[in-house]
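**Student:** Contents are mmCIF, C-alpha atoms; file name target-v6.cif:
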data_input
#
loop_
_atom_site.label_atom_id
_atom_site.label_comp_id
_atom_site.auth_asym_id
_atom_site.auth_seq_id
_atom_site.Cartn_x
_atom_site.Cartn_y
_atom_site.Cartn_z
CA MET Z 757 0.00 0.00 0.00
CA ALA Z 758 1.51 3.30 -1.08
CA ILE Z 759 1.85 6.01 1.52
CA PRO Z 760 -0.19 9.03 0.35
CA TRP Z 761 2.32 11.68 1.41
CA SER Z 762 5.83 12.41 0.22
CA LEU Z 763 8.51 14.09 2.29
CA THR Z 764 7.75 17.32 0.44
CA ASN Z 765 4.09 17.00 1.42
CA ILE Z 766 5.04 16.52 5.05
CA LYS Z 767 7.11 19.71 5.07
CA SER Z 768 4.24 21.66 3.53
CA MET Z 769 1.82 20.55 6.25
CA ILE Z 770 3.11 23.32 8.48
CA THR Z 771 0.96 25.84 6.65
CA VAL Z 772 -1.95 23.74 5.36
CA ALA Z 773 -5.20 24.58 7.11
CA ILE Z 774 -8.96 24.34 6.85
CA PRO Z 775 -10.45 27.54 5.37
CA GLY Z 776 -12.18 29.56 8.02
CA TYR Z 777 -9.65 28.77 10.75
CA SER Z 778 -6.93 31.12 11.95
CA TYR Z 779 -3.95 30.83 14.24
CA PRO Z 780 -4.49 33.66 16.76
CA ASP Z 781 -1.78 34.60 19.25
CA LYS Z 782 -4.28 34.55 22.09
CA PRO Z 783 -5.89 31.98 24.35
CA ALA Z 784 -8.36 29.59 22.73
CA ASP Z 785 -12.06 30.05 23.28
CA ASN Z 786 -12.02 28.04 26.50
CA GLY Z 787 -9.73 30.64 28.04
CA MET Z 788 -7.21 28.06 29.25
CA LEU Z 789 -5.33 26.78 26.21
CA SER Z 790 -3.39 28.83 23.69
CA TYR Z 791 -2.40 28.40 20.06
CA SER Z 792 0.98 29.94 20.85
CA PHE Z 793 1.61 28.11 24.13
CA TYR Z 794 4.97 26.56 23.12
CA ASP Z 795 6.08 29.18 20.61
CA LYS Z 796 8.96 30.28 22.86
CA SER Z 797 9.46 27.29 25.15
CA CYS Z 798 9.45 24.59 22.44
CA PRO Z 799 9.27 26.20 18.99
CA ASN Z 800 10.06 22.98 17.09
CA LEU Z 801 7.38 20.91 18.79
CA ASN Z 802 5.13 20.46 15.76
CA MET Z 803 8.03 19.36 13.58
CA ILE Z 804 9.28 16.88 16.17
CA VAL Z 805 5.84 15.29 16.47
CA ARG Z 806 5.38 15.30 12.70
CA TRP Z 807 8.66 13.56 11.95
CA GLY Z 808 8.24 11.11 14.80
CA LEU Z 809 4.88 10.08 13.43
CA TRP Z 810 6.20 9.95 9.89
CA ALA Z 811 8.92 7.52 10.98
CA ALA Z 812 6.29 5.26 12.55
CA TYR Z 813 3.87 5.60 9.63
CA LYS Z 814 6.48 4.55 7.07
CA ASN Z 815 6.67 1.15 8.74
CA ASP Z 816 3.05 0.75 9.81
CA ASN Z 817 0.18 2.46 7.98
CA ARG Z 818 -2.21 1.25 10.68
CA ILE Z 819 -0.56 3.50 13.25
CA ALA Z 820 -2.52 6.53 12.02
CA ALA Z 821 -5.87 5.01 12.97
CA SER Z 822 -4.41 3.60 16.18
CA LEU Z 823 -3.26 7.03 17.39
CA LEU Z 824 -6.55 8.67 16.43
CA ARG Z 825 -8.37 6.03 18.47
CA LEU Z 826 -5.93 6.39 21.36
CA HIS Z 827 -6.64 10.13 21.52
CA PHE Z 828 -10.39 9.51 21.50
CA HIS Z 829 -10.11 6.88 24.24
CA ASP Z 830 -8.00 9.23 26.32
CA CYS Z 831 -10.35 12.20 26.14
CA PHE Z 832 -13.52 10.20 26.79
CA VAL Z 833 -12.22 8.94 30.13
CA ASN Z 834 -11.90 11.81 32.60
CA GLY Z 835 -10.70 14.23 29.95
CA CYS Z 836 -7.67 14.69 27.68
CA ASP Z 837 -5.00 14.11 30.35
CA ALA Z 838 -2.96 11.28 28.79
CA SER Z 839 -4.31 8.89 31.45
CA VAL Z 840 -4.73 6.20 28.77
CA LEU Z 841 -0.92 6.07 28.47
CA LEU Z 842 -0.27 5.22 32.13
CA ASP Z 843 0.80 1.73 33.15
CA ASP Z 844 -0.80 0.05 36.15
CA THR Z 845 0.73 0.83 39.55
CA LYS Z 846 0.21 -0.38 43.12
CA ASP Z 847 -2.12 2.60 43.57
CA PHE Z 848 -4.41 2.17 40.56
CA LYS Z 849 -5.41 -0.09 37.69
CA GLY Z 850 -5.02 1.95 34.55
CA GLU Z 851 -6.97 2.15 31.31
CA LYS Z 852 -4.69 0.07 29.09
CA ASN Z 853 -6.30 -3.19 30.20
CA ALA Z 854 -9.89 -1.97 30.26
CA LEU Z 855 -12.13 -4.02 27.98
CA PRO Z 856 -12.28 -1.40 25.17
CA ASN Z 857 -8.45 -1.16 25.14
CA ARG Z 858 -7.18 -4.62 26.02
CA ASN Z 859 -5.33 -6.24 23.11
CA SER Z 860 -6.58 -3.51 20.77
CA ALA Z 861 -5.20 -0.11 21.83
CA ARG Z 862 -1.94 0.54 19.96
CA GLY Z 863 0.65 3.27 19.53
CA PHE Z 864 1.90 3.68 23.08
CA GLU Z 865 5.52 3.17 22.03
CA VAL Z 866 5.17 5.77 19.26
CA ILE Z 867 3.99 8.44 21.70
CA GLU Z 868 6.76 7.46 24.14
CA SER Z 869 9.35 7.76 21.38
CA ILE Z 870 8.08 11.19 20.32
CA LYS Z 871 8.05 12.28 23.96
CA ALA Z 872 11.71 11.24 24.30
CA ASP Z 873 12.62 13.34 21.26
CA VAL Z 874 10.66 16.30 22.63
CA GLU Z 875 12.43 15.96 25.99
CA LYS Z 876 15.82 16.21 24.28
CA SER Z 877 14.81 19.50 22.72
CA CYS Z 878 12.55 20.92 25.44
CA PRO Z 879 13.05 19.17 28.81
CA SER Z 880 10.11 19.06 31.24
CA THR Z 881 8.07 21.41 29.07
CA VAL Z 882 5.56 19.58 26.86
CA SER Z 883 2.86 17.30 28.26
CA CYS Z 884 2.09 13.84 26.94
CA ALA Z 885 -1.51 15.02 26.62
CA ASP Z 886 -0.50 17.70 24.11
CA ILE Z 887 1.75 15.27 22.24
CA LEU Z 888 -1.13 12.82 21.88
CA VAL Z 889 -3.48 15.54 20.58
CA LEU Z 890 -0.88 16.69 18.05
CA ALA Z 891 -0.10 13.11 17.00
CA ALA Z 892 -3.79 12.42 16.35
CA ARG Z 893 -3.99 15.43 14.05
CA GLU Z 894 -0.83 14.43 12.18
CA ALA Z 895 -2.24 10.92 11.81
CA VAL Z 896 -5.26 12.34 10.00
CA VAL Z 897 -3.10 14.59 7.81
CA MET Z 898 -0.73 11.80 6.85
CA SER Z 899 -3.72 9.69 5.82
CA GLY Z 900 -4.89 12.36 3.42
CA GLY Z 901 -7.18 14.33 5.72
CA SER Z 902 -7.15 18.03 6.48
CA ASN Z 903 -5.10 19.99 8.98
CA TRP Z 904 -6.42 22.26 11.72
CA PRO Z 905 -4.98 24.49 14.44
CA ILE Z 906 -4.81 23.05 17.95
CA PRO Z 907 -4.75 25.09 21.16
CA LEU Z 908 -2.12 23.73 23.54
CA GLY Z 909 -1.17 23.90 27.21
CA ARG Z 910 -2.70 20.68 28.56
CA ARG Z 911 -1.06 19.02 31.54
CA ASP Z 912 -0.86 15.34 32.35
CA GLY Z 913 -3.06 13.54 34.84
CA ILE Z 914 -1.50 11.65 37.74
CA THR Z 915 -3.93 8.73 37.85
CA ALA Z 916 -6.01 6.51 35.60
CA SER Z 917 -9.06 4.29 36.01
CA GLU Z 918 -9.82 0.95 34.40
CA LYS Z 919 -13.36 1.18 35.82
CA ALA Z 920 -13.97 4.59 34.25
CA ALA Z 921 -12.73 3.35 30.87
CA ASN Z 922 -15.08 0.38 31.01
CA GLU Z 923 -18.01 2.63 31.87
CA GLN Z 924 -17.38 5.76 29.81
CA LEU Z 925 -16.10 4.55 26.43
CA PRO Z 926 -18.77 3.85 23.79
CA SER Z 927 -19.17 0.24 22.70
CA PRO Z 928 -20.03 -0.89 19.16
CA PHE Z 929 -22.72 -3.09 20.71
CA GLU Z 930 -24.57 -0.27 22.47
CA PRO Z 931 -27.78 1.29 21.14
CA LEU Z 932 -27.31 4.62 19.39
CA GLN Z 933 -29.16 6.36 22.22
CA ASN Z 934 -26.59 5.15 24.77
CA ILE Z 935 -23.65 6.17 22.60
CA THR Z 936 -25.18 9.60 22.08
CA ALA Z 937 -25.59 10.00 25.85
CA LYS Z 938 -21.86 9.32 26.36
CA PHE Z 939 -20.98 12.03 23.87
CA VAL Z 940 -23.37 14.49 25.52
CA ALA Z 941 -21.84 13.68 28.92
CA ASN Z 942 -18.53 14.95 27.54
CA GLY Z 943 -19.97 18.20 26.21
CA LEU Z 944 -20.34 16.94 22.65
CA ASP Z 945 -23.53 16.60 20.62
CA VAL Z 946 -25.16 14.36 18.02
CA LYS Z 947 -23.35 16.10 15.17
CA ASP Z 948 -20.00 15.51 16.88
CA MET Z 949 -20.89 11.85 17.30
CA VAL Z 950 -21.71 11.41 13.61
CA VAL Z 951 -18.68 13.30 12.34
CA LEU Z 952 -16.18 11.75 14.78
CA SER Z 953 -17.51 8.32 13.85
CA GLY Z 954 -16.13 9.20 10.43
CA GLY Z 955 -12.71 8.51 11.92
CA HIS Z 956 -13.59 4.92 11.04
CA THR Z 957 -12.67 5.79 7.47
CA ILE Z 958 -9.26 4.42 8.47
CA GLY Z 959 -8.31 1.53 10.71
CA PHE Z 960 -9.32 -2.01 11.49
CA ALA Z 961 -11.68 -3.80 13.86
CA GLN Z 962 -11.31 -7.21 15.44
CA CYS Z 963 -13.80 -9.87 14.37
CA SER Z 964 -15.04 -10.09 17.94
CA SER Z 965 -16.39 -6.54 17.65
CA PHE Z 966 -18.78 -7.36 14.81
CA LYS Z 967 -19.06 -11.15 14.63
CA ARG Z 968 -22.51 -11.33 16.17
CA ARG Z 969 -23.80 -9.37 13.16
CA LEU Z 970 -22.64 -12.24 10.97
CA PHE Z 971 -24.14 -15.23 12.78
CA ASN Z 972 -26.36 -14.41 15.74
CA PHE Z 973 -27.58 -10.84 15.59
CA LYS Z 974 -29.31 -9.88 18.83
CA ASP Z 975 -29.75 -13.57 19.74
CA THR Z 976 -31.88 -14.32 16.67
CA GLY Z 977 -29.60 -17.09 15.43
CA LYS Z 978 -29.46 -15.23 12.10
CA PRO Z 979 -27.25 -12.53 10.55
CA ASP Z 980 -28.05 -8.83 10.78
CA PRO Z 981 -30.68 -8.32 8.04
CA THR Z 982 -29.40 -4.79 7.33
CA LEU Z 983 -25.94 -5.97 6.28
CA ASP Z 984 -25.33 -6.14 2.52
CA SER Z 985 -25.43 -9.77 1.43
CA SER Z 986 -22.14 -9.79 -0.45
CA VAL Z 987 -20.37 -8.05 2.45
CA LEU Z 988 -21.95 -10.57 4.81
CA SER Z 989 -20.66 -13.51 2.78
CA ASN Z 990 -17.13 -12.12 2.60
CA LEU Z 991 -17.03 -11.37 6.32
CA GLN Z 992 -18.41 -14.80 7.25
CA ASN Z 993 -15.59 -16.39 5.27
CA PHE Z 994 -13.00 -14.10 6.87
CA CYS Z 995 -14.39 -14.36 10.41
CA PRO Z 996 -15.76 -17.92 10.81
CA ASN Z 997 -17.96 -18.53 13.82
CA VAL Z 998 -15.21 -19.96 16.02
CA ASP Z 999 -13.31 -18.36 18.89
CA GLY Z 1000 -10.05 -18.69 17.00
CA SER Z 1001 -11.08 -15.90 14.62
CA ASN Z 1002 -11.88 -13.31 17.30
CA ASN Z 1003 -8.60 -11.43 17.06
CA LYS Z 1004 -8.43 -11.30 13.27
CA THR Z 1005 -8.84 -7.76 11.96
CA SER Z 1006 -10.90 -6.40 9.08
CA PRO Z 1007 -10.80 -2.87 7.61
CA LEU Z 1008 -13.47 -0.53 8.91
CA ASP Z 1009 -13.63 0.93 5.41
CA SER Z 1010 -12.57 -1.71 2.91
CA GLN Z 1011 -12.94 0.68 -0.03
CA SER Z 1012 -10.10 2.97 1.05
CA VAL Z 1013 -8.40 1.31 3.97
CA TYR Z 1014 -5.66 3.86 4.70
CA ARG Z 1015 -7.18 6.96 3.11
CA PHE Z 1016 -8.98 9.57 5.20
CA ASP Z 1017 -12.06 10.36 3.11
CA ASN Z 1018 -15.86 10.23 3.25
CA ILE Z 1019 -16.35 6.74 1.81
CA TYR Z 1020 -17.18 5.53 5.33
CA TYR Z 1021 -20.51 7.33 5.01
CA LYS Z 1022 -21.14 5.94 1.54
CA ASN Z 1023 -20.59 2.46 2.95
CA ILE Z 1024 -23.26 3.09 5.59
CA ILE Z 1025 -25.76 4.22 2.95
CA ASN Z 1026 -24.97 1.01 1.03
CA ASN Z 1027 -25.56 -1.09 4.17
CA SER Z 1028 -21.87 -1.94 4.33
CA GLY Z 1029 -20.94 -0.36 7.65
CA LEU Z 1030 -18.80 -2.81 9.59
CA LEU Z 1031 -19.80 -2.13 13.20
CA GLU Z 1032 -23.34 -2.12 14.53
CA SER Z 1033 -22.75 1.37 15.87
CA ASP Z 1034 -21.69 2.56 12.40
CA GLN Z 1035 -24.67 1.12 10.56
CA ALA Z 1036 -27.05 2.35 13.28
CA LEU Z 1037 -26.39 5.93 12.14
CA ILE Z 1038 -28.65 5.36 9.12
CA GLY Z 1039 -31.52 4.10 11.30
CA ASP Z 1040 -32.25 7.42 12.98
CA PRO Z 1041 -33.68 10.25 10.82
CA LYS Z 1042 -31.47 12.96 12.33
CA THR Z 1043 -28.19 11.05 12.08
CA ALA Z 1044 -29.16 9.58 8.70
CA ALA Z 1045 -29.50 13.07 7.26
CA MET Z 1046 -25.97 13.90 8.41
CA VAL Z 1047 -24.61 10.64 6.99
CA LYS Z 1048 -26.11 11.52 3.62
CA ASP Z 1049 -24.69 15.04 3.74
CA TYR Z 1050 -21.17 13.82 4.55
CA SER Z 1051 -21.35 11.06 1.94
CA ALA Z 1052 -22.04 13.70 -0.71
CA ASP Z 1053 -19.57 16.36 0.40
CA GLN Z 1054 -15.97 15.55 1.30
CA PHE Z 1055 -15.21 19.18 2.16
CA LEU Z 1056 -18.15 19.40 4.56
CA PHE Z 1057 -16.93 16.27 6.34
CA SER Z 1058 -13.35 17.57 6.56
CA ARG Z 1059 -14.46 20.93 7.91
CA ASP Z 1060 -16.82 19.49 10.51
CA PHE Z 1061 -14.37 16.76 11.52
CA ALA Z 1062 -11.74 19.39 12.27
CA ALA Z 1063 -14.18 21.40 14.39
CA SER Z 1064 -15.29 18.34 16.35
CA MET Z 1065 -11.70 17.25 16.91
CA VAL Z 1066 -10.96 20.61 18.52
CA LYS Z 1067 -13.98 20.12 20.81
CA LEU Z 1068 -12.84 16.58 21.61
CA GLY Z 1069 -9.36 17.81 22.49
CA ASN Z 1070 -10.76 20.34 24.95
CA ILE Z 1071 -12.64 17.83 27.12
CA GLY Z 1072 -11.67 18.01 30.79
CA VAL Z 1073 -8.21 19.45 30.22
CA LEU Z 1074 -5.83 20.15 33.09
CA THR Z 1075 -4.07 23.53 32.91
CA GLY Z 1076 -2.07 25.91 35.05
CA GLN Z 1077 -0.66 24.07 38.06
CA ALA Z 1078 -3.04 21.10 37.86
CA GLY Z 1079 -1.52 17.70 37.12
CA GLN Z 1080 2.09 17.61 35.95
CA ILE Z 1081 4.39 17.41 32.93
CA ARG Z 1082 5.43 13.75 32.91
CA ASN Z 1083 9.01 12.84 32.12
CA LYS Z 1084 7.81 9.61 30.53
CA CYS Z 1085 4.26 9.09 29.31
CA GLY Z 1086 3.77 5.65 30.84
CA SER Z 1087 4.33 6.73 34.44
CA VAL Z 1088 3.83 9.68 36.75
CA ASN Z 1089 6.92 11.52 37.98
#
When written as structure tokens, how does the structure in this file appear?
**Tutor:**
Amino acid sequence: MAIPWSLTNIKSMITVAIPGYSYPDKPADNGMLSYSFYDKSCPNLNMIVRWGLWAAYKNDNRIAASLLRLHFHDCFVNGCDASVLLDDTKDFKGEKNALPNRNSARGFEVIESIKADVEKSCPSTVSCADILVLAAREAVVMSGGSNWPIPLGRRDGITASEKAANEQLPSPFEPLQNITAKFVANGLDVKDMVVLSGGHTIGFAQCSSFKRRLFNFKDTGKPDPTLDSSVLSNLQNFCPNVDGSNNKTSPLDSQSVYRFDNIYYKNIINNSGLLESDQALIGDPKTAAMVKDYSADQFLFSRDFAASMVKLGNIGVLTGQAGQIRNKCGSVN
């Protein structure tokens, strides 16, 4: 699979932006973060993150989706404080082994490597939380998506919670109403849910996360009747109804596996969404209208995705003297 960005493209990303956004030298709208937070203390931060991610992406195209997911899973559990990166300690069981993350969350070593490079240039200055937010954006850009400005100045949390991760992260098996409620609880809305679900335009899902659609949908003993028949047949062959296939992975968007585009929404309209939670978006009139809009307009999706990512990155942030700047992302100082 060819990587969609050349080295020249990567260098040009510094100035690429969504129309309608600006890079003000003032605090962001939430009054706590700033677009110019590291301009003097770590002026090369964006480049360090960009090249660190590029090095990882060259060897593993999947890492883009993995880091985007890692950012989402961080922010949805007690805010964007890099708690998802913490290893278990004698004082707490962290989020890495929570059910939504166990054997599926990836990219920890990439963030740790970028953090080490940042520390060489700017010791004890940049939080792991900010690095993760920046890495998620670069992951989208390197996959062909748009760029957007990110306000910075987050600090790292000093604890994590496996229980909170189990309770607060959306599950592909949950009804759309429940998933929506989890977004609302984090200050997001239905539109954010639909547009951030579009992150599934890249990445893979384990067979265990959608297998019941193939063989025993909602305990009926039959496949999900909404799933396209040819897609169903292919997935049944790839994910046979045995435990041994649970950890096999299938693309969330088989039409453009590594490309950040709006085909995810076209798949849903064609009854080819992989996860129950994806396909459920077409079953509600309000979300279905958004799916149709995004399927028809790549620019609209890119613009709205950028806006929702900024909102996501502002959930429950620690600033000022709260938390700390970790020396290593996997452990508190």
**Student:** What does the structure give for the distance between atom CA of Met788 of chain Z and atom CA of Gly909 of chain Z, in Å to one decimal?
**Tutor:** 7.6 Å
**Student:** What does the structure give for the distance between atom CA of Phe973 of chain Z and atom CA of Cys995 of chain Z, in Å to one decimal?
**Tutor:** 14.6 Å
**Student:** Just the number, please: distance in Å from atom CA of Gln1077 of chain Z to atom CA of Ile870 of chain Z, one decimal.
**Tutor:**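 That distance, rounded to one decimal, is 23.6 Å.
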**Student:** Carefully work through the PyMOL selection byres ((chain Z and resi 810-812) around 9) for this structure and note down the residues it includes, as a VMD selection string.
**Tutor:** chain Z and resid 763 766 805 to 809 813 to 817 819 to 820 866 894 to 895 898
**Student:** Rank Z:Leu824, Z:Val874, Z:Cys831, Z:Leu855 by their smallest atom-to-atom distance to Arg1082 of chain Z, using only C-alpha atoms, and report the top residue only.
**Tutor:**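 Counting only C-alpha atoms, the residue closest to Arg1082 of chain Z is Z:Val874.
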**Student:** Check which residues satisfy the PyMOL selection byres ((chain Z and resi 871) around 10) in the file shown, then give them as a ChimeraX atom specification.
**Tutor:** /Z:804-805,808,865-870,872-879,882-884,887-888,1082-1085
**Student:** Using all atoms listed in the file, which protein or nucleic acid residues come within 7 Å of segment 1012-1021 of chain Z? Drop anything in the same chain fewer than 4 positions from it, and give the result as a ChimeraX atom specification.
**Tutor:** /Z:817,896,899-901,954,956-959,1007,1025,1047,1050-1051,1054,1057
**Student:** Select, from Z:Lys967, Z:Lys978, Z:Lys846, Z:Lys1022, the residue with the minimum atom-to-atom distance to Lys1004 of chain Z, counting only C-alpha atoms.
**Tutor:**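 Selected residue with least distance to Lys1004 of chain Z: Z:Lys967.
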**Student:** Please write the residues picked by the PyMOL selection byres ((chain Z and resi 971) around 12) on this file as number ranges by chain.
**Tutor:** Z: 963-964, 966-970, 972-981, 983, 988-989, 991-993, 995-998
**Student:** With C-alpha atoms kept, could you save the residues just selected as a PDB file, keeping the file's coordinate frame?
**Tutor:**
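Saved the output as part16.pdb:
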ATOM      1  CA  CYS Z 963     -13.800  -9.870  14.370  1.00  0.00           C
ATOM      2  CA  SER Z 964     -15.040 -10.090  17.940  1.00  0.00           C
ATOM      3  CA  PHE Z 966     -18.780  -7.360  14.810  1.00  0.00           C
ATOM      4  CA  LYS Z 967     -19.060 -11.150  14.630  1.00  0.00           C
ATOM      5  CA  ARG Z 968     -22.510 -11.330  16.170  1.00  0.00           C
ATOM      6  CA  ARG Z 969     -23.800  -9.370  13.160  1.00  0.00           C
ATOM      7  CA  LEU Z 970     -22.640 -12.240  10.970  1.00  0.00           C
ATOM      8  CA  ASN Z 972     -26.360 -14.410  15.740  1.00  0.00           C
ATOM      9  CA  PHE Z 973     -27.580 -10.840  15.590  1.00  0.00           C
ATOM     10  CA  LYS Z 974     -29.310  -9.880  18.830  1.00  0.00           C
ATOM     11  CA  ASP Z 975     -29.750 -13.570  19.740  1.00  0.00           C
ATOM     12  CA  THR Z 976     -31.880 -14.320  16.670  1.00  0.00           C
ATOM     13  CA  GLY Z 977     -29.600 -17.090  15.430  1.00  0.00           C
ATOM     14  CA  LYS Z 978     -29.460 -15.230  12.100  1.00  0.00           C
ATOM     15  CA  PRO Z 979     -27.250 -12.530  10.550  1.00  0.00           C
ATOM     16  CA  ASP Z 980     -28.050  -8.830  10.780  1.00  0.00           C
ATOM     17  CA  PRO Z 981     -30.680  -8.320   8.040  1.00  0.00           C
ATOM     18  CA  LEU Z 983     -25.940  -5.970   6.280  1.00  0.00           C
ATOM     19  CA  LEU Z 988     -21.950 -10.570   4.810  1.00  0.00           C
ATOM     20  CA  SER Z 989     -20.660 -13.510   2.780  1.00  0.00           C
ATOM     21  CA  LEU Z 991     -17.030 -11.370   6.320  1.00  0.00           C
ATOM     22  CA  GLN Z 992     -18.410 -14.800   7.250  1.00  0.00           C
ATOM     23  CA  ASN Z 993     -15.590 -16.390   5.270  1.00  0.00           C
ATOM     24  CA  CYS Z 995     -14.390 -14.360  10.410  1.00  0.00           C
ATOM     25  CA  PRO Z 996     -15.760 -17.920  10.810  1.00  0.00           C
ATOM     26  CA  ASN Z 997     -17.960 -18.530  13.820  1.00  0.00           C
ATOM     27  CA  VAL Z 998     -15.210 -19.960  16.020  1.00  0.00           C
TER      28      VAL Z 998
END
**Student:** With distances taken over only C-alpha atoms, which residue among Z:Arg818, Z:Lys947, Z:Lys796, Z:Lys1067 lies nearest Thr1043 of chain Z?
**Tutor:**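 Closest to Thr1043 of chain Z of all the choices is Z:Lys947.
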**Student:** Considering all atoms listed in the file, can you say which of Z:Leu826, Z:Val1088, Z:Ala861, Z:Leu1030 comes closest to Val987 of chain Z?
**Tutor:**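 The closest residue to Val987 of chain Z is Z:Leu1030.
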**Student:** Show which residues sit within 12 Å of Asp843 of chain Z, as a PyMOL selection string. Count all atoms listed in the file, and ignore same-chain residues fewer than 2 positions away.
**Tutor:** chain Z and resi 838-841+845-854+864+914-918+1084-1088
**Student:** Between Z:Gly1000, Z:Gly943, Z:Gly1072, Z:Gly863, single out the one closest to Gly913 of chain Z, counting only C-alpha atoms.
**Tutor:**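 Checking each of Z:Gly1000, Z:Gly943, Z:Gly1072, Z:Gly863 against Gly913 of chain Z, counting only C-alpha atoms, the winner is Z:Gly1072.
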**Student:** Looking at Z:Asn859, Z:Ser792, Z:Ser1033, Z:Ser902, which one is nearest to Asp1060 of chain Z, with distances taken over all atoms listed in the file?
**Tutor:**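 Looking at the shortest contact to Asp1060 of chain Z, the residue is Z:Ser902.
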